[in-house]
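Q: You'll find my_file_16.txt just under this line, and it carries compact mmCIF, C-alpha atoms and all ligand atoms.
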# COMPACT_ATOMS: atom_id res chain seq x y z
CA MET A 26 230.64 -50.43 -37.50
CA HIS A 27 228.77 -53.72 -37.97
CA ALA A 28 230.08 -57.12 -36.90
CA ILE A 29 228.84 -60.67 -36.49
CA VAL A 30 227.87 -61.10 -32.85
CA ILE A 31 227.25 -64.42 -31.05
CA ASP A 32 224.94 -63.80 -28.07
CA GLU A 33 224.20 -67.47 -27.42
CA PRO A 34 226.25 -70.36 -28.82
CA GLY A 35 224.33 -72.50 -31.28
CA GLY A 36 223.63 -73.22 -34.94
CA PRO A 37 224.37 -70.88 -37.86
CA GLU A 38 221.41 -68.68 -36.83
CA ALA A 39 223.46 -67.68 -33.76
CA LEU A 40 225.48 -65.40 -36.08
CA VAL A 41 223.83 -61.96 -36.00
CA TRP A 42 224.99 -58.87 -37.99
CA ARG A 43 224.69 -55.94 -35.61
CA GLU A 44 226.08 -52.48 -34.89
CA VAL A 45 228.94 -52.55 -32.35
CA PRO A 46 231.55 -50.02 -31.14
CA ASP A 47 234.39 -49.26 -33.56
CA PRO A 48 237.80 -50.65 -32.53
CA ARG A 49 240.69 -48.22 -32.01
CA PRO A 50 244.28 -49.13 -32.87
CA GLY A 51 246.43 -49.45 -29.74
CA PRO A 52 250.23 -49.11 -29.74
CA GLY A 53 251.71 -51.46 -32.31
CA GLU A 54 248.35 -52.06 -33.98
CA VAL A 55 247.03 -51.47 -37.48
CA LEU A 56 243.35 -50.62 -37.98
CA ILE A 57 242.02 -52.30 -41.13
CA ASP A 58 238.87 -51.41 -43.07
CA VAL A 59 237.82 -54.98 -43.84
CA VAL A 60 236.91 -55.81 -47.43
CA ALA A 61 236.49 -59.54 -46.83
CA SER A 62 237.07 -62.30 -44.31
CA ALA A 63 236.86 -66.08 -44.70
CA VAL A 64 235.33 -69.00 -42.83
CA ASN A 65 237.60 -71.43 -41.02
CA ARG A 66 236.44 -74.65 -39.39
CA ALA A 67 237.49 -73.18 -36.03
CA ASP A 68 234.81 -70.48 -36.49
CA LEU A 69 232.15 -73.20 -36.44
CA LEU A 70 233.48 -74.37 -33.07
CA GLN A 71 233.56 -70.79 -31.73
CA ARG A 72 229.94 -70.33 -32.82
CA GLN A 73 229.01 -73.51 -30.91
CA GLY A 74 230.79 -72.25 -27.78
CA PHE A 75 233.74 -74.69 -27.91
CA TYR A 76 236.58 -72.40 -29.02
CA PRO A 77 236.51 -69.09 -27.14
CA PRO A 78 238.74 -66.27 -28.39
CA PRO A 79 242.07 -65.93 -26.53
CA SER A 80 242.20 -63.12 -23.96
CA GLY A 81 242.59 -59.69 -25.53
CA ALA A 82 241.16 -60.81 -28.90
CA PRO A 83 237.94 -59.27 -30.27
CA PRO A 84 234.85 -61.33 -29.32
CA TYR A 85 233.64 -61.63 -32.92
CA PRO A 86 234.69 -64.65 -35.02
CA GLY A 87 237.10 -64.42 -37.95
CA LEU A 88 240.74 -65.50 -38.07
CA GLU A 89 241.74 -63.61 -41.20
CA CYS A 90 240.79 -60.69 -43.40
CA SER A 91 241.82 -58.49 -46.27
CA GLY A 92 241.25 -54.76 -46.59
CA VAL A 93 242.80 -51.33 -46.52
CA VAL A 94 244.81 -49.79 -43.69
CA ALA A 95 242.66 -47.02 -42.13
CA GLU A 96 244.97 -45.92 -39.31
CA VAL A 97 248.15 -47.01 -37.56
CA GLY A 98 248.90 -46.84 -33.83
CA ALA A 99 252.23 -45.79 -32.29
CA ASP A 100 255.29 -47.94 -33.03
CA VAL A 101 253.88 -49.63 -36.12
CA GLU A 102 256.54 -50.62 -38.63
CA GLY A 103 256.07 -50.91 -42.37
CA PHE A 104 252.41 -49.93 -42.88
CA ARG A 105 250.55 -46.68 -43.52
CA PRO A 106 246.97 -45.63 -44.26
CA GLY A 107 245.83 -46.68 -47.73
CA ASP A 108 247.97 -49.85 -47.94
CA ARG A 109 246.14 -52.90 -49.31
CA VAL A 110 246.77 -55.70 -46.83
CA CYS A 111 245.62 -59.03 -45.49
CA ALA A 112 246.08 -60.18 -41.90
CA LEU A 113 246.19 -63.15 -39.58
CA LEU A 114 243.81 -62.48 -36.68
CA ALA A 115 243.16 -63.99 -33.25
CA GLY A 116 239.50 -63.03 -33.86
CA GLY A 117 237.34 -60.19 -35.12
CA GLY A 118 237.52 -60.73 -38.88
CA TYR A 119 233.72 -60.93 -39.25
CA ALA A 120 233.47 -57.15 -38.90
CA GLN A 121 233.81 -53.98 -40.93
CA ARG A 122 236.93 -52.94 -39.01
CA VAL A 123 239.55 -54.77 -36.97
CA ALA A 124 242.67 -53.71 -35.05
CA VAL A 125 245.57 -56.17 -35.31
CA PRO A 126 249.25 -56.22 -34.25
CA TRP A 127 251.37 -55.02 -37.19
CA GLN A 128 253.44 -58.21 -37.02
CA GLN A 129 250.39 -60.15 -38.28
CA VAL A 130 249.73 -57.88 -41.28
CA MET A 131 250.92 -58.76 -44.79
CA ARG A 132 250.90 -57.08 -48.16
CA VAL A 133 248.48 -58.63 -50.68
CA PRO A 134 250.49 -60.81 -53.08
CA GLU A 135 250.82 -59.41 -56.61
CA GLY A 136 248.14 -60.55 -59.02
CA VAL A 137 245.82 -61.74 -56.24
CA ASP A 138 242.32 -60.24 -56.09
CA PRO A 139 242.18 -58.19 -52.85
CA VAL A 140 238.93 -59.98 -51.88
CA GLU A 141 240.39 -63.44 -52.48
CA ALA A 142 243.43 -62.48 -50.39
CA ALA A 143 241.11 -62.70 -47.36
CA GLY A 144 241.29 -66.48 -47.54
CA LEU A 145 245.07 -66.72 -47.60
CA PRO A 146 246.57 -65.73 -44.19
CA GLU A 147 245.22 -68.65 -42.14
CA VAL A 148 246.01 -71.39 -44.66
CA ALA A 149 249.38 -69.93 -45.65
CA CYS A 150 250.55 -69.42 -42.05
CA THR A 151 249.25 -72.83 -40.93
CA VAL A 152 250.80 -74.77 -43.80
CA TRP A 153 254.07 -72.84 -43.80
CA SER A 154 254.58 -73.13 -40.03
CA ASN A 155 253.64 -76.81 -39.79
CA VAL A 156 254.80 -78.43 -42.99
CA PHE A 157 257.90 -76.33 -43.63
CA MET A 158 259.05 -74.79 -40.31
CA THR A 159 258.14 -77.68 -37.97
CA ALA A 160 258.23 -80.78 -40.19
CA ARG A 161 260.89 -79.40 -42.56
CA LEU A 162 259.49 -80.96 -45.72
CA ARG A 163 262.27 -81.23 -48.31
CA ARG A 164 262.28 -81.36 -52.12
CA GLY A 165 261.61 -84.90 -53.33
CA GLU A 166 260.00 -86.02 -50.08
CA THR A 167 256.41 -87.31 -49.90
CA LEU A 168 253.74 -85.27 -48.10
CA LEU A 169 250.41 -86.85 -47.15
CA VAL A 170 247.68 -84.22 -46.74
CA HIS A 171 244.51 -85.38 -45.02
CA GLY A 172 241.41 -83.57 -46.28
CA GLY A 173 243.14 -82.41 -49.46
CA ALA A 174 240.03 -80.55 -50.65
CA SER A 175 239.73 -78.46 -47.46
CA GLY A 176 240.84 -74.85 -47.19
CA ILE A 177 244.06 -76.01 -45.55
CA GLY A 178 244.44 -78.98 -47.90
CA THR A 179 244.07 -77.09 -51.18
CA PHE A 180 246.82 -74.72 -50.07
CA ALA A 181 249.12 -77.47 -48.73
CA VAL A 182 248.89 -79.36 -52.03
CA GLN A 183 249.89 -76.33 -54.09
CA LEU A 184 252.68 -75.18 -51.79
CA ALA A 185 254.28 -78.61 -51.43
CA LYS A 186 254.18 -79.10 -55.21
CA ALA A 187 255.73 -75.68 -55.74
CA PHE A 188 258.59 -76.76 -53.45
CA GLY A 189 259.12 -80.00 -55.39
CA SER A 190 257.48 -82.64 -53.17
CA HIS A 191 255.42 -85.69 -54.07
CA VAL A 192 251.92 -85.05 -52.70
CA VAL A 193 249.28 -87.60 -51.72
CA VAL A 194 245.85 -86.52 -50.45
CA THR A 195 242.92 -88.15 -48.73
CA ALA A 196 239.40 -86.96 -49.53
CA GLY A 197 235.86 -88.24 -49.24
CA SER A 198 234.93 -88.77 -52.90
CA ALA A 199 236.42 -89.38 -56.35
CA GLU A 200 235.24 -85.92 -57.39
CA ARG A 201 237.05 -84.25 -54.50
CA ILE A 202 240.20 -86.22 -55.24
CA ALA A 203 239.95 -85.08 -58.87
CA ARG A 204 239.91 -81.45 -57.68
CA CYS A 205 243.10 -82.10 -55.67
CA LEU A 206 244.79 -83.67 -58.71
CA GLU A 207 243.87 -80.55 -60.73
CA LEU A 208 245.68 -78.50 -58.08
CA GLY A 209 248.78 -80.63 -58.57
CA ALA A 210 248.45 -83.56 -56.17
CA ASP A 211 250.11 -86.73 -57.47
CA GLU A 212 247.82 -89.32 -55.87
CA GLY A 213 244.59 -89.50 -53.92
CA VAL A 214 243.01 -91.98 -51.54
CA ASN A 215 239.24 -92.00 -50.99
CA TYR A 216 239.15 -92.46 -47.22
CA ARG A 217 235.59 -93.79 -47.38
CA GLU A 218 236.70 -96.74 -49.50
CA GLU A 219 240.34 -97.41 -48.67
CA ASP A 220 242.71 -97.37 -45.69
CA PHE A 221 245.47 -94.88 -46.55
CA SER A 222 247.90 -96.63 -44.19
CA GLU A 223 247.85 -99.72 -46.43
CA LYS A 224 248.81 -97.67 -49.51
CA VAL A 225 250.86 -94.61 -48.54
CA ARG A 226 254.31 -94.14 -47.03
CA ALA A 227 255.08 -90.48 -46.32
CA ASP A 228 257.97 -88.42 -44.97
CA VAL A 229 255.55 -85.80 -43.61
CA ILE A 230 251.86 -86.08 -42.77
CA LEU A 231 249.66 -83.01 -42.23
CA ASP A 232 246.80 -84.36 -40.15
CA ILE A 233 243.45 -82.74 -39.32
CA ILE A 234 241.76 -85.85 -37.91
CA GLY A 235 243.73 -86.55 -34.71
CA GLY A 236 242.82 -89.49 -32.45
CA LYS A 237 241.06 -91.70 -34.99
CA TYR A 238 244.03 -91.54 -37.40
CA LEU A 239 246.94 -91.59 -34.91
CA ALA A 240 247.84 -95.29 -35.18
CA ARG A 241 247.33 -95.34 -38.97
CA ASN A 242 249.34 -92.13 -39.41
CA VAL A 243 252.33 -93.58 -37.53
CA ARG A 244 252.03 -96.73 -39.65
CA ALA A 245 252.07 -94.58 -42.80
CA LEU A 246 255.27 -92.70 -41.82
CA LYS A 247 258.57 -93.60 -43.45
CA THR A 248 261.77 -93.92 -41.42
CA GLY A 249 262.56 -90.44 -40.11
CA GLY A 250 258.97 -89.35 -40.81
CA ARG A 251 257.23 -86.37 -39.17
CA LEU A 252 253.54 -86.34 -38.27
CA VAL A 253 252.03 -82.93 -37.55
CA VAL A 254 248.56 -82.95 -36.01
CA ILE A 255 246.67 -79.66 -36.41
CA GLY A 256 243.05 -80.79 -36.10
CA MET A 257 241.01 -83.14 -33.96
CA GLN A 258 237.98 -83.78 -36.16
CA GLY A 259 238.37 -87.48 -35.24
CA GLY A 260 238.78 -86.98 -31.49
CA THR A 261 241.58 -86.04 -29.09
CA LYS A 262 242.68 -89.53 -28.03
CA GLY A 263 244.28 -92.41 -29.89
CA GLU A 264 246.80 -95.18 -29.32
CA LEU A 265 250.43 -94.36 -30.06
CA ASP A 266 252.67 -97.37 -30.78
CA LEU A 267 255.93 -96.09 -29.31
CA GLY A 268 257.76 -99.21 -30.53
CA MET A 269 256.91 -98.28 -34.11
CA LEU A 270 257.80 -94.64 -33.50
CA LEU A 271 261.24 -95.60 -32.13
CA VAL A 272 262.04 -98.09 -34.86
CA LYS A 273 261.12 -95.49 -37.47
CA ARG A 274 262.96 -92.72 -35.60
CA ALA A 275 259.81 -90.74 -36.29
CA SER A 276 258.23 -87.78 -34.50
CA VAL A 277 254.73 -86.57 -33.66
CA HIS A 278 254.00 -82.84 -33.30
CA GLY A 279 250.86 -80.97 -32.37
CA THR A 280 250.33 -77.22 -32.82
CA THR A 281 247.77 -74.44 -32.85
CA LEU A 282 248.27 -71.08 -34.50
CA ARG A 283 245.62 -68.89 -32.87
CA SER A 284 246.97 -68.93 -29.32
CA ARG A 285 250.63 -68.34 -30.21
CA PRO A 286 252.23 -65.11 -28.94
CA VAL A 287 252.36 -62.20 -31.38
CA ASP A 288 256.15 -62.50 -31.79
CA GLU A 289 255.85 -66.14 -32.89
CA LYS A 290 253.08 -65.25 -35.31
CA GLY A 291 255.34 -62.48 -36.60
CA VAL A 292 258.10 -64.98 -37.39
CA ILE A 293 255.63 -67.15 -39.31
CA VAL A 294 254.17 -64.15 -41.16
CA ARG A 295 257.65 -62.98 -42.19
CA GLY A 296 258.37 -66.48 -43.51
CA VAL A 297 255.13 -66.47 -45.49
CA VAL A 298 255.77 -63.03 -47.01
CA GLY A 299 259.40 -63.91 -47.76
CA ASP A 300 259.05 -67.47 -49.07
CA VAL A 301 255.41 -68.05 -50.04
CA TRP A 302 254.13 -64.74 -51.47
CA PRO A 303 256.78 -64.73 -54.26
CA LEU A 304 255.14 -67.93 -55.56
CA PHE A 305 251.85 -66.04 -55.90
CA ASP A 306 253.71 -63.13 -57.50
CA ALA A 307 255.07 -65.63 -60.04
CA GLY A 308 251.67 -67.25 -60.64
CA ALA A 309 252.70 -70.64 -59.18
CA LEU A 310 249.99 -70.52 -56.48
CA ARG A 311 246.40 -69.34 -56.59
CA PRO A 312 243.62 -68.87 -54.03
CA VAL A 313 240.98 -71.61 -54.18
CA VAL A 314 237.60 -69.99 -53.57
CA HIS A 315 234.38 -71.98 -53.36
CA ALA A 316 231.89 -69.17 -52.65
CA ARG A 317 231.57 -65.45 -51.86
CA VAL A 318 228.81 -64.62 -49.37
CA PRO A 319 227.85 -61.21 -47.90
CA MET A 320 229.24 -60.98 -44.37
CA SER A 321 225.79 -60.07 -43.06
CA GLU A 322 224.75 -63.57 -44.22
CA ALA A 323 227.56 -65.39 -42.41
CA ALA A 324 225.03 -68.00 -41.26
CA GLU A 325 224.65 -69.13 -44.88
CA ALA A 326 228.43 -69.35 -45.24
CA HIS A 327 228.62 -71.56 -42.13
CA ARG A 328 225.89 -73.81 -43.58
CA ILE A 329 227.98 -74.25 -46.73
CA VAL A 330 231.06 -75.23 -44.72
CA GLU A 331 229.04 -77.54 -42.47
CA SER A 332 227.58 -79.30 -45.52
CA GLY A 333 231.13 -80.33 -46.46
CA GLU A 334 230.53 -79.61 -50.17
CA HIS A 335 233.05 -76.81 -50.42
CA VAL A 336 236.49 -77.14 -51.97
CA GLY A 337 238.86 -74.43 -50.71
CA LYS A 338 237.57 -71.30 -49.01
CA VAL A 339 234.22 -69.62 -48.41
CA LEU A 340 234.65 -65.81 -48.34
CA LEU A 341 232.59 -63.21 -46.45
CA LEU A 342 232.31 -59.81 -48.13
CA THR A 343 231.56 -56.62 -46.16
N1 LIG B 401 246.06 -76.14 -35.44
C1 LIG B 401 245.94 -75.08 -36.20
O1 LIG B 401 246.64 -74.09 -36.00
C2 LIG B 401 244.95 -75.07 -37.32
C3 LIG B 401 244.87 -73.96 -38.17
C4 LIG B 401 243.94 -73.99 -39.23
C5 LIG B 401 243.14 -75.12 -39.41
N2 LIG B 401 243.25 -76.18 -38.54
C6 LIG B 401 242.41 -77.37 -38.71
O2 LIG B 401 242.56 -77.86 -40.03
C7 LIG B 401 241.36 -78.50 -40.42
C8 LIG B 401 240.93 -77.99 -41.78
O3 LIG B 401 240.47 -76.65 -41.63
P1 LIG B 401 239.65 -75.96 -42.80
O4 LIG B 401 239.17 -74.67 -42.30
O5 LIG B 401 240.46 -76.01 -44.03
O6 LIG B 401 238.41 -76.98 -42.89
P2 LIG B 401 237.41 -77.40 -44.01
O7 LIG B 401 237.67 -76.66 -45.29
O8 LIG B 401 236.05 -77.35 -43.45
O9 LIG B 401 237.76 -78.94 -44.30
C9 LIG B 401 237.51 -80.01 -43.46
C10 LIG B 401 238.00 -81.25 -44.22
O10 LIG B 401 237.99 -82.40 -43.37
C11 LIG B 401 238.01 -83.49 -44.26
N3 LIG B 401 237.73 -84.76 -43.59
C12 LIG B 401 236.66 -85.05 -42.81
N4 LIG B 401 236.77 -86.34 -42.37
C13 LIG B 401 237.93 -86.83 -42.90
C14 LIG B 401 238.59 -88.09 -42.80
N5 LIG B 401 238.10 -89.11 -42.07
N6 LIG B 401 239.77 -88.24 -43.46
C15 LIG B 401 240.30 -87.23 -44.18
N7 LIG B 401 239.72 -86.01 -44.31
C16 LIG B 401 238.55 -85.83 -43.67
C17 LIG B 401 236.94 -83.13 -45.27
O11 LIG B 401 237.21 -83.84 -46.44
P3 LIG B 401 236.02 -84.38 -47.43
O12 LIG B 401 235.03 -83.25 -47.52
O13 LIG B 401 236.72 -84.69 -48.70
O14 LIG B 401 235.37 -85.56 -46.79
C18 LIG B 401 237.17 -81.61 -45.44
O15 LIG B 401 237.90 -81.33 -46.60
C19 LIG B 401 240.34 -78.28 -39.31
O16 LIG B 401 240.30 -79.42 -38.50
C20 LIG B 401 240.92 -77.10 -38.56
O17 LIG B 401 240.50 -77.06 -37.24
C21 LIG B 401 244.13 -76.14 -37.51
Can the structure from this file be put into structure tokens for me?
A:
Amino acid sequence: MHAIVIDEPGGPEALVWREVPDPRPGPGEVLIDVVASAVNRADLLQRQGFYPPPSGAPPYPGLECSGVVAEVGADVEGFRPGDRVCALLAGGGYAQRVAVPWQQVMRVPEGVDPVEAAGLPEVACTVWSNVFMTARLRRGETLLVHGGASGIGTFAVQLAKAFGSHVVVTAGSAERIARCLELGADEGVNYREEDFSEKVRADVILDIIGGKYLARNVRALKTGGRLVVIGMQGGTKGELDLGMLLVKRASVHGTTLRSRPVDEKGVIVRGVVGDVWPLFDAGALRPVVHARVPMSEAAEAHRIVESGEHVGKVLLLT
């Protein structure tokens, strides 16, 4: 098969489409003929040498894919050759084939284009596990989504609206806020012009900025509020006002999805298939796709994501 190989960390040109050995499905694994994968911001870090794959994961980038089951290993439950699936991966999505634990494999939601399904596992599992399982967002509560026009953000907006929350986003331009409002967001703050912590009070904040926003995020929490930090685009360190946290009886969480054990990922995946996929089946959610790029030209896809112009996901087609 062919895969995107990174010999030397670097710019987008470090991504090279080359022939590599085919993976074999081990016990408990499903071998998928990949139809498409999608770019995640973490892939940019892996390309630059800052986010190595966890041990046992394929060396190629790619945290999600869609495709067709080619083969199943021993002890696989619920899948057989020919099934149309998508999957959450610890790596290896930028390839024509990938072997993945069956617990991380999902059916493609009804009515979703099998190619566009490639961009769903990472955002769905991240938003479901953080906003709903960890922060327990409830109907009628306010969710603040930083980077509302991102892959993660566009999904968080739709899912929280579908569950009856009030959704506020931050984004870097009026145009990008308008795209979030089209997806159902109730309000937007242009972070280049205004300080969200002066305007917003939220029950739950989904944060991708980290250190630079920590103090402002805690200020923007309501009493009983929950801040979940999933990204560190604004650095790893910030000042936490514990006095404010105590008075608000608030909490701060931090999580990553990629390094979780397979069983934990399996719990998240089952939650997504059980509680999120029916919303796609009913037409209440839709994939937000910015561009489709041939996988062999993954460098171009990374340039698009690095430019910051995209809204939603950039897909890679085999
Ligand atoms: N912990 C986990 O398990 C996990 C899993 C998945 C993703 N993540 C993280 O989630 C983040 C989003 O991932 P993605 O793949 O969806 O990325 P993406 O599509 O490339 O989006 C990045 C977003 O960051 C926004 N942004 C940049 N500076 C900002 C600021 N000062 N305030 C608010 N927003 C700002 C950009 O908004 P504008 O373009 O509007 O400026 C852009 O929409 C990344 O940091 C990623 O590492 C974490």
Q: Using only C-alpha atoms and all ligand atoms, which residues of the polymer chains come no farther than 8 Å from ligand LIG 401 (chain B)? I'd like the answer as a ChimeraX atom specification.
A: /A:64-67,147-148,151,171-178,195-198,201-202,216-217,232-234,238,254-259,279-283,330-331,333-338
Q: Check the smallest atom-to-atom distance from each of A:Pro286, A:Gly250, A:Pro319, A:Gly291 to Met269 of chain A using all atoms listed in the file, then report the winner.
A: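 Of A:Pro286, A:Gly250, A:Pro319, A:Gly291, the one nearest Met269 of chain A, counting all atoms listed in the file, is A:Gly250.
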Q: Within 9 Å of Asp58 of chain A, counting only C-alpha atoms, which residues qualify if same-chain residues fewer than 5 places away don't, as a list of chain:residue names?
A: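 The contact residues come out as A:Ser91, A:Gly92, A:Val93, A:Val94, A:Ala95, A:Ala120, A:Gln121, A:Arg122, A:Val123.
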Q: Please return, as a list in words, all polymer residues that have at least one atom within 6 Å of the point (257.9, -81.6, -51.8); use all atoms listed in the file and the file's own coordinate frame.
A: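 Returned residue set, sorted by chain then number, is Arg163, Arg164, Gly165, Glu166, Ala185, Lys186, Phe188, Gly189, Ser190 and His191 of chain A.
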Q: Determine the nearest neighbour of Tyr76 of chain A from the options A:Gly236, A:Gly107, A:Pro34, A:Gly263, counting all atoms listed in the file.
A: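 Closest to Tyr76 of chain A, using all atoms listed in the file: A:Pro34.
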Q: Can you tell me how far atom CA of Val301 of chain A sits from atom CA of Ala143 of chain A, in Å to one decimal?
A: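 These atoms are spaced 15.5 Å apart.
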Q: Please indicate the distance in Å from atom CA of Asp108 of chain A to atom CA of Gly299 of chain A, rounded to one decimal place.
A: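 Computing it gives 18.1 Å between the two atoms.
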Q: Quick one: pull the distance between atom CA of Trp302 of chain A and atom CA of Cys111 of chain A, Å, one decimal.
A: 11.9 Å
Q: Nearest to Leu304 of chain A among A:Pro139, A:Gly118, A:Gly213, A:Pro134, with distances taken over all atoms listed in the file: which residue is it?
A: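 Comparing A:Pro139, A:Gly118, A:Gly213, A:Pro134 against Leu304 of chain A, the winner is A:Pro134.
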Q: Can you give me N, CA, C and O atoms for segment 272-290 of chain A, written as a PDB file, in the frame of the given file?
A:
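Output contents, as saved in rebuild_36.pdb:
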ATOM      1  N   VAL A 272     261.390 -97.363 -33.762  1.00  0.00           N
ATOM      2  CA  VAL A 272     262.040 -98.090 -34.860  1.00  0.00           C
ATOM      3  C   VAL A 272     262.139 -97.199 -36.094  1.00  0.00           C
ATOM      4  O   VAL A 272     263.142 -97.216 -36.808  1.00  0.00           O
ATOM      5  N   LYS A 273     261.104 -96.384 -36.302  1.00  0.00           N
ATOM      6  CA  LYS A 273     261.120 -95.490 -37.470  1.00  0.00           C
ATOM      7  C   LYS A 273     261.891 -94.201 -37.217  1.00  0.00           C
ATOM      8  O   LYS A 273     262.035 -93.391 -38.123  1.00  0.00           O
ATOM      9  N   ARG A 274     262.331 -93.995 -35.987  1.00  0.00           N
ATOM     10  CA  ARG A 274     262.960 -92.720 -35.600  1.00  0.00           C
ATOM     11  C   ARG A 274     262.078 -91.553 -36.077  1.00  0.00           C
ATOM     12  O   ARG A 274     262.534 -90.578 -36.676  1.00  0.00           O
ATOM     13  N   ALA A 275     260.798 -91.699 -35.800  1.00  0.00           N
ATOM     14  CA  ALA A 275     259.810 -90.740 -36.290  1.00  0.00           C
ATOM     15  C   ALA A 275     259.399 -89.781 -35.170  1.00  0.00           C
ATOM     16  O   ALA A 275     259.739 -89.991 -34.005  1.00  0.00           O
ATOM     17  N   SER A 276     258.675 -88.735 -35.523  1.00  0.00           N
ATOM     18  CA  SER A 276     258.230 -87.780 -34.500  1.00  0.00           C
ATOM     19  C   SER A 276     256.779 -87.384 -34.726  1.00  0.00           C
ATOM     20  O   SER A 276     256.290 -87.401 -35.858  1.00  0.00           O
ATOM     21  N   VAL A 277     256.126 -87.024 -33.614  1.00  0.00           N
ATOM     22  CA  VAL A 277     254.730 -86.570 -33.660  1.00  0.00           C
ATOM     23  C   VAL A 277     254.682 -85.176 -33.049  1.00  0.00           C
ATOM     24  O   VAL A 277     255.182 -84.962 -31.934  1.00  0.00           O
ATOM     25  N   HIS A 278     254.134 -84.221 -33.786  1.00  0.00           N
ATOM     26  CA  HIS A 278     254.000 -82.840 -33.300  1.00  0.00           C
ATOM     27  C   HIS A 278     252.524 -82.460 -33.257  1.00  0.00           C
ATOM     28  O   HIS A 278     251.733 -82.974 -34.039  1.00  0.00           O
ATOM     29  N   GLY A 279     252.192 -81.542 -32.376  1.00  0.00           N
ATOM     30  CA  GLY A 279     250.860 -80.970 -32.370  1.00  0.00           C
ATOM     31  C   GLY A 279     250.994 -79.466 -32.197  1.00  0.00           C
ATOM     32  O   GLY A 279     251.829 -79.006 -31.419  1.00  0.00           O
ATOM     33  N   THR A 280     250.216 -78.686 -32.949  1.00  0.00           N
ATOM     34  CA  THR A 280     250.330 -77.220 -32.820  1.00  0.00           C
ATOM     35  C   THR A 280     248.975 -76.542 -33.018  1.00  0.00           C
ATOM     36  O   THR A 280     248.087 -77.095 -33.650  1.00  0.00           O
ATOM     37  N   THR A 281     248.856 -75.341 -32.456  1.00  0.00           N
ATOM     38  CA  THR A 281     247.770 -74.440 -32.850  1.00  0.00           C
ATOM     39  C   THR A 281     248.389 -73.093 -33.170  1.00  0.00           C
ATOM     40  O   THR A 281     249.415 -72.722 -32.600  1.00  0.00           O
ATOM     41  N   LEU A 282     247.741 -72.377 -34.060  1.00  0.00           N
ATOM     42  CA  LEU A 282     248.270 -71.080 -34.500  1.00  0.00           C
ATOM     43  C   LEU A 282     247.657 -69.943 -33.685  1.00  0.00           C
ATOM     44  O   LEU A 282     248.353 -69.008 -33.273  1.00  0.00           O
ATOM     45  N   ARG A 283     246.360 -70.027 -33.429  1.00  0.00           N
ATOM     46  CA  ARG A 283     245.620 -68.890 -32.870  1.00  0.00           C
ATOM     47  C   ARG A 283     246.174 -68.402 -31.535  1.00  0.00           C
ATOM     48  O   ARG A 283     246.214 -67.196 -31.285  1.00  0.00           O
ATOM     49  N   SER A 284     246.574 -69.330 -30.674  1.00  0.00           N
ATOM     50  CA  SER A 284     246.970 -68.930 -29.320  1.00  0.00           C
ATOM     51  C   SER A 284     248.457 -68.590 -29.202  1.00  0.00           C
ATOM     52  O   SER A 284     248.943 -68.294 -28.122  1.00  0.00           O
ATOM     53  N   ARG A 285     249.193 -68.643 -30.306  1.00  0.00           N
ATOM     54  CA  ARG A 285     250.630 -68.340 -30.210  1.00  0.00           C
ATOM     55  C   ARG A 285     250.850 -66.852 -29.899  1.00  0.00           C
ATOM     56  O   ARG A 285     250.073 -65.997 -30.338  1.00  0.00           O
ATOM     57  N   PRO A 286     251.940 -66.530 -29.201  1.00  0.00           N
ATOM     58  CA  PRO A 286     252.230 -65.110 -28.940  1.00  0.00           C
ATOM     59  C   PRO A 286     252.479 -64.346 -30.247  1.00  0.00           C
ATOM     60  O   PRO A 286     252.880 -64.943 -31.253  1.00  0.00           O
ATOM     61  N   VAL A 287     252.235 -63.040 -30.182  1.00  0.00           N
ATOM     62  CA  VAL A 287     252.360 -62.200 -31.380  1.00  0.00           C
ATOM     63  C   VAL A 287     253.744 -62.343 -32.027  1.00  0.00           C
ATOM     64  O   VAL A 287     253.860 -62.431 -33.253  1.00  0.00           O
ATOM     65  N   ASP A 288     254.804 -62.407 -31.207  1.00  0.00           N
ATOM     66  CA  ASP A 288     256.150 -62.500 -31.790  1.00  0.00           C
ATOM     67  C   ASP A 288     256.315 -63.769 -32.618  1.00  0.00           C
ATOM     68  O   ASP A 288     256.958 -63.765 -33.670  1.00  0.00           O
ATOM     69  N   GLU A 289     255.754 -64.881 -32.128  1.00  0.00           N
ATOM     70  CA  GLU A 289     255.850 -66.140 -32.890  1.00  0.00           C
ATOM     71  C   GLU A 289     255.054 -66.042 -34.185  1.00  0.00           C
ATOM     72  O   GLU A 289     255.483 -66.510 -35.236  1.00  0.00           O
ATOM     73  N   LYS A 290     253.871 -65.428 -34.082  1.00  0.00           N
ATOM     74  CA  LYS A 290     253.080 -65.250 -35.310  1.00  0.00           C
ATOM     75  C   LYS A 290     253.857 -64.374 -36.299  1.00  0.00           C
ATOM     76  O   LYS A 290     253.830 -64.599 -37.507  1.00  0.00           O
TER      77      LYS A 290
END
